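Below is run-v6.pdb, holding PDB, C-alpha atoms.
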ATOM      1  CA  MET A   1    -100.365 -48.132 101.078
ATOM      2  CA  ILE A   2    -100.099 -46.117  97.935
ATOM      3  CA  GLY A   3    -103.569 -44.839  98.604
ATOM      4  CA  LEU A   4    -102.600 -43.716 102.055
ATOM      5  CA  ARG A   5     -99.547 -41.948 100.753
ATOM      6  CA  ARG A   6    -101.540 -40.208  98.107
ATOM      7  CA  PHE A   7    -104.101 -39.246 100.635
ATOM      8  CA  ALA A   8    -101.418 -37.969 103.008
ATOM      9  CA  MET A   9     -99.802 -36.010 100.199
ATOM     10  CA  CYS A  10    -103.099 -34.634  99.111
ATOM     11  CA  GLY A  11    -103.828 -33.715 102.704
ATOM     12  CA  GLN A  12    -100.524 -31.903 102.984
ATOM     13  CA  MET A  13    -101.130 -30.084  99.708
ATOM     14  CA  ALA A  14    -104.615 -29.200 100.771
ATOM     15  CA  GLN A  15    -103.296 -27.868 104.036
ATOM     16  CA  LEU A  16    -100.677 -25.733 102.222
ATOM     17  CA  ASN A  17    -103.292 -24.437  99.802
ATOM     18  CA  TRP A  18    -105.615 -23.656 102.682
ATOM     19  CA  GLN A  19    -102.850 -21.738 104.510
ATOM     20  CA  MET A  20    -102.082 -19.738 101.374
ATOM     21  CA  PHE A  21    -105.766 -19.074 100.863
ATOM     22  CA  VAL A  22    -106.180 -17.911 104.439
ATOM     23  CA  CYS A  23    -103.032 -15.750 104.287
ATOM     24  CA  ASN A  24    -104.180 -14.050 101.111
ATOM     25  CA  PHE A  25    -107.562 -13.105 102.517
ATOM     26  CA  ILE A  26    -106.653 -12.055 106.051
ATOM     27  CA  VAL A  27    -107.168  -8.363 106.289
ATOM     28  CA  THR A  28    -104.373  -6.693 108.194
ATOM     29  CA  PRO A  29    -105.586  -4.183 110.776
ATOM     30  CA  PRO A  30    -105.074  -0.546 109.787
ATOM     31  CA  GLN A  31    -101.933   1.053 111.142
ATOM     32  CA  VAL A  32    -102.627   3.100 114.206
ATOM     33  CA  THR A  33    -101.484   6.629 113.395
ATOM     34  CA  SER A  34     -99.929   8.807 116.025
ATOM     35  CA  TRP A  35    -100.916  12.357 116.827
ATOM     36  CA  LYS A  36     -98.087  13.508 114.538
ATOM     37  CA  ASP A  37    -100.064  12.334 111.489
ATOM     38  CA  ASP A  38    -103.525  13.374 112.684
ATOM     39  CA  GLU A  39    -105.077  15.469 109.925
ATOM     40  CA  GLU A  40    -107.714  16.942 112.226
ATOM     41  CA  LEU A  41    -105.055  18.293 114.633
ATOM     42  CA  LYS A  42    -103.140  19.731 111.676
ATOM     43  CA  ALA A  43    -106.280  21.489 110.428
ATOM     44  CA  GLN A  44    -106.923  22.924 113.903
ATOM     45  CA  PHE A  45    -103.308  24.130 114.041
ATOM     46  CA  GLY A  46    -103.723  25.839 110.644
ATOM     47  CA  CYS A  47    -106.829  27.665 111.923
ATOM     48  CA  ALA A  48    -104.983  28.657 115.095
ATOM     49  CA  LEU A  49    -102.124  30.083 113.024
ATOM     50  CA  ALA A  50    -104.604  32.229 111.127
ATOM     51  CA  GLN A  51    -106.130  33.586 114.348
ATOM     52  CA  GLY A  52    -103.129  35.821 115.024
ATOM     53  CA  PHE A  53    -101.381  34.410 118.063
ATOM     54  CA  LYS A  54     -98.074  36.043 119.008
ATOM     55  CA  ASN A  55     -96.075  33.106 117.648
ATOM     56  CA  ASN A  56     -96.444  29.581 116.302
ATOM     57  CA  PHE A  57     -95.825  27.990 119.687
ATOM     58  CA  GLU A  58     -98.747  29.838 121.316
ATOM     59  CA  ALA A  59    -100.983  28.760 118.443
ATOM     60  CA  ALA A  60     -99.923  25.163 119.023
ATOM     61  CA  CYS A  61    -100.475  25.537 122.792
ATOM     62  CA  SER A  62    -104.059  26.570 122.076
ATOM     63  CA  ILE A  63    -104.541  23.155 120.439
ATOM     64  CA  PHE A  64    -102.494  20.912 122.741
ATOM     65  CA  GLY A  65    -102.974  22.727 126.045
ATOM     66  CA  LYS A  66    -100.411  21.720 128.674
ATOM     67  CA  GLU A  67     -98.733  19.152 126.422
ATOM     68  CA  THR A  68     -95.984  21.546 125.435
ATOM     69  CA  ASN A  69     -93.762  18.865 123.919
ATOM     70  CA  LYS A  70     -96.423  18.170 121.292
ATOM     71  CA  ALA A  71     -97.027  21.896 120.825
ATOM     72  CA  LEU A  72     -93.323  22.499 120.252
ATOM     73  CA  PHE A  73     -93.150  19.685 117.697
ATOM     74  CA  ALA A  74     -96.188  21.029 115.840
ATOM     75  CA  SER A  75     -94.965  24.643 115.908
ATOM     76  CA  VAL A  76     -91.688  23.624 114.271
ATOM     77  CA  ASN A  77     -92.551  20.690 111.982
ATOM     78  CA  TRP A  78     -96.093  21.352 110.782
ATOM     79  CA  LEU A  79     -95.620  24.825 109.288
ATOM     80  CA  ASP A  80     -95.016  23.495 105.750
ATOM     81  CA  ASP A  81     -97.594  20.712 105.918
ATOM     82  CA  PRO A  82    -100.168  20.994 103.079
ATOM     83  CA  THR A  83    -103.074  20.328 105.464
ATOM     84  CA  VAL A  84    -101.988  23.185 107.749
ATOM     85  CA  ILE A  85    -101.475  25.583 104.829
ATOM     86  CA  GLU A  86    -104.857  24.696 103.332
ATOM     87  CA  ALA A  87    -106.676  25.082 106.680
ATOM     88  CA  LYS A  88    -105.016  28.457 107.260
ATOM     89  CA  ALA A  89    -105.983  29.670 103.781
ATOM     90  CA  ASN A  90    -109.582  28.462 104.214
ATOM     91  CA  TYR A  91    -109.873  30.187 107.590
ATOM     92  CA  ASN A  92    -108.505  33.439 106.187
ATOM     93  CA  ALA A  93    -110.853  33.240 103.196
ATOM     94  CA  VAL A  94    -113.884  32.902 105.449
ATOM     95  CA  THR A  95    -112.941  35.479 108.071
ATOM     96  CA  THR A  96    -111.368  38.169 105.880
ATOM     97  CA  THR A  97    -113.891  40.713 104.702
ATOM     98  CA  LYS A  98    -113.618  43.812 102.608
ATOM     99  CA  LYS A  99    -112.037  46.595 104.627
ATOM    100  CA  ASP A 100    -114.119  49.744 104.992
ATOM    101  CA  LEU A 101    -113.337  52.900 106.881
ATOM    102  CA  LEU A 102    -114.552  52.780 110.440
ATOM    103  CA  ASP A 103    -117.029  55.199 111.886
ATOM    104  CA  LYS A 104    -116.947  56.206 115.561
ATOM    105  CA  ASP A 105    -119.205  53.421 116.749
ATOM    106  CA  SER A 106    -117.372  50.622 114.948
ATOM    107  CA  LEU A 107    -113.991  51.991 116.089
ATOM    108  CA  CYS A 108    -115.216  52.074 119.678
ATOM    109  CA  PHE A 109    -116.510  48.528 119.284
ATOM    110  CA  LYS A 110    -113.104  47.349 118.020
ATOM    111  CA  LEU A 111    -111.287  49.138 120.848
ATOM    112  CA  GLN A 112    -113.527  47.540 123.447
ATOM    113  CA  GLU A 113    -113.134  44.144 121.777
ATOM    114  CA  PHE A 114    -109.341  44.560 121.786
ATOM    115  CA  ALA A 115    -109.254  45.537 125.458
ATOM    116  CA  GLU A 116    -111.436  42.619 126.572
ATOM    117  CA  GLU A 117    -110.013  39.886 124.314
ATOM    118  CA  LYS A 118    -108.806  36.806 126.201
ATOM    119  CA  ILE A 119    -106.804  33.777 125.113
ATOM    120  CA  PHE A 120    -105.949  30.447 126.673
ATOM    121  CA  PHE A 121    -102.267  30.292 127.578
ATOM    122  CA  ASN A 122    -100.959  27.162 129.287
ATOM    123  CA  GLY A 123    -104.466  26.235 130.356
ATOM    124  CA  ASN A 124    -105.247  29.647 131.882
ATOM    125  CA  GLU A 125    -107.481  32.337 130.437
ATOM    126  CA  VAL A 126    -105.511  35.596 130.225
ATOM    127  CA  TYR A 127    -105.903  38.922 128.444
ATOM    128  CA  SER A 128    -104.205  38.912 125.050
ATOM    129  CA  ALA A 129    -102.995  42.517 125.362
ATOM    130  CA  GLU A 130    -100.807  43.921 128.107
ATOM    131  CA  ALA A 131    -102.369  46.118 130.786
ATOM    132  CA  LYS A 132    -100.842  49.360 129.460
ATOM    133  CA  ASP A 133    -102.222  48.657 125.964
ATOM    134  CA  ARG A 134    -105.648  47.860 127.370
ATOM    135  CA  LEU A 135    -105.660  51.111 129.386
ATOM    136  CA  ALA A 136    -104.632  53.069 126.289
ATOM    137  CA  ALA A 137    -107.491  51.458 124.345
ATOM    138  CA  TYR A 138    -109.992  52.343 127.092
ATOM    139  CA  ARG A 139    -108.648  55.925 127.246
ATOM    140  CA  LEU A 140    -109.068  56.316 123.473
ATOM    141  CA  PHE A 141    -112.543  54.754 123.720
ATOM    142  CA  ALA A 142    -113.529  57.254 126.426
ATOM    143  CA  ASP A 143    -112.131  60.134 124.385
ATOM    144  CA  ILE A 144    -114.078  59.126 121.258
ATOM    145  CA  ARG A 145    -117.327  58.573 123.143
ATOM    146  CA  GLY A 146    -116.999  61.914 124.915
ATOM    147  CA  PHE A 147    -116.500  60.645 128.454
ATOM    148  CA  ILE A 148    -113.414  62.838 128.824
ATOM    149  CA  ALA A 149    -114.150  66.571 128.799
ATOM    150  CA  LYS A 150    -112.319  68.447 126.070
ATOM    151  CA  ASP A 151    -111.524  71.303 128.488
ATOM    152  CA  SER A 152    -109.254  69.076 130.524
ATOM    153  CA  ILE A 153    -107.022  68.386 127.540
ATOM    154  CA  SER A 154    -104.649  71.215 126.734
ATOM    155  CA  THR A 155    -104.130  71.525 122.996
ATOM    156  CA  THR A 156    -102.420  74.920 122.922
ATOM    157  CA  ILE A 157     -99.161  75.032 121.099
ATOM    158  CA  ASN A 158     -96.661  77.717 121.974
ATOM    159  CA  ASN A 159     -94.655  78.571 118.876
ATOM    160  CA  SER A 160     -92.869  81.589 120.295
ATOM    161  CA  PRO A 161     -89.122  81.159 120.182
ATOM    162  CA  LYS A 162     -87.288  80.896 123.439
ATOM    163  CA  PHE A 163     -83.687  81.929 123.818
ATOM    164  CA  MET A 164     -81.161  81.334 126.507
ATOM    165  CA  GLU A 165     -78.685  84.013 127.415
ATOM    166  CA  ILE A 166     -75.436  83.245 129.102
ATOM    167  CA  LYS A 167     -73.835  86.060 131.105
ATOM    168  CA  PHE A 168     -70.439  85.825 132.659
ATOM    169  CA  VAL A 169     -70.166  87.574 136.014
ATOM    170  CA  GLU A 170     -67.389  87.934 138.488
ATOM    171  CA  PRO A 171     -67.622  85.893 141.636
ATOM    172  CA  ASP A 172     -68.784  87.641 144.769
ATOM    173  CA  LYS A 173     -66.059  89.114 146.862
ATOM    174  CA  LYS A 174     -65.927  87.685 150.311
ATOM    175  CA  GLU A 175     -65.217  89.896 153.259
ATOM    176  CA  VAL A 176     -62.188  88.927 155.211
ATOM    177  CA  VAL A 177     -62.890  88.741 158.901
ATOM    178  CA  LYS A 178     -60.112  90.190 160.923
ATOM    179  CA  THR A 179     -59.551  89.228 164.482
ATOM    180  CA  ILE A 180     -58.643  91.848 166.981
ATOM    181  CA  GLU A 181     -55.871  90.860 169.218
ATOM    182  CA  HIS A 182     -56.124  92.285 172.667
ATOM    183  CA  GLU A 183     -53.848  91.554 175.460
ATOM    184  CA  SER A 184     -55.567  91.502 178.730
ATOM    185  CA  LYS A 185     -54.163  91.046 182.087
ATOM    186  CA  ILE A 186     -55.345  88.204 184.189
ATOM    187  CA  GLU A 187     -56.471  90.520 186.924
ATOM    188  CA  ASP A 188     -58.837  92.298 184.499
ATOM    189  CA  VAL A 189     -60.368  88.999 183.529
ATOM    190  CA  LEU A 190     -60.792  87.896 187.109
ATOM    191  CA  GLU A 191     -62.437  91.145 188.166
ATOM    192  CA  ASN A 192     -64.986  91.036 185.390
ATOM    193  CA  SER A 193     -65.712  87.342 185.789
ATOM    194  CA  PRO A 194     -68.934  86.274 187.479
ATOM    195  CA  ILE A 195     -67.068  83.451 189.146
ATOM    196  CA  LYS A 196     -64.921  84.532 192.047
ATOM    197  CA  LEU A 197     -61.514  82.986 191.952
ATOM    198  CA  LYS A 198     -58.713  83.266 194.403
ATOM    199  CA  LEU A 199     -55.210  83.038 193.205
ATOM    200  CA  VAL A 200     -52.872  81.084 195.369
ATOM    201  CA  GLY A 201     -49.373  81.557 194.666
TER     202      GLY A 201
END

Starting from the file, give its structure as structure tokens.
Amino acid sequence: MIGLRRFAMCGQMAQLNWQMFVCNFIVTPPQVTSWKDDEELKAQFGCALAQGFKNNFEAACSIFGKETNKALFASVNWLDDPTVIEAKANYNAVTTTKKDLLDKDSLCFKLQEFAEEKIFFNGNEVYSAEAKDRLAAYRLFADIRGFIAKDSISTTINNSPKFMEIKFVEPDKKEVVKTIEHESKIEDVLENSPIKLKLVG
């Protein structure tokens, strides 16, 4: 009986040791991270910020598309994130070049590029500039390239001084129309009238 007890106790101890051994070596699955902690999305948002969208929300919409709740969260909460700042700096370092003065051809190229630039806004491809700005860019492009004749543009400046004189004049006198009173007898009126009337009296 003592042997059975010892064996039972040893079995219980062995089972406890086995459970501890198994618990110590079970690898817990990695925590599933949400989109809020996704480093790749943060890096894309940093690059979008460097691309010159009108505001942070539009930059976030270019990443998240129609999921505006995520775009709003990113545009407010990710601005100070180190991954976003680093991605923005890296993008600017690669794309920024030394600025040189533009010649006519390169200026025309930039104007045409500006007028035809499109962005994705809420899932739709739209022009980034307003229509009036695009027309102004095309007009300047046409002027630089010589498509608009110089004769049609008036560049004369009239520097001669112009004065205004104020003269006080009397108001025009109006003629007073006088009525002529004439007493006529009824018989005179009846004789001269084209309608023949007969007085009954």

Could you work out how far atom CA of A:Phe45 lies from atom CA of A:Asp133, giving the answer in Å with one decimal?
27.3 Å

Could you state which residues are captured by the PyMOL selection byres ((chain A and resi 56-66) around 10) in this file, as an MDAnalysis selection string?
chainID A and resid 41:42 44:55 67:76 78:79 119:124

Rounded to one decimal in Å, what is the spacing between atom CA of A:Ser128 and atom CA of A:Phe147?
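According to the coordinates, atom CA of A:Ser128 and atom CA of A:Phe147 are separated by 25.2 Å.
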
Long-range neighbours of A:Glu113 as a ChimeraX atom specification, 12 Å cut-off, all atoms listed in the file, 2 positions minimum in chain
/A:106-111,115-118,127-129,134,137-138,141

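Interatomic distance, atom CA of A:Glu40 to atom CA of A:Thr96: 22.5 Å.
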
Adding 3 Å on each side of the box along x, y and z that holds all listed atoms of stretch 81-100 of chain A, could you give its centre and edge lengths in Å to one decimal, as lines of an AutoDock Vina configuration file?
center_x = -105.9
center_y = 35.0
center_z = 105.3
size_x = 22.5
size_y = 35.4
size_z = 11.5
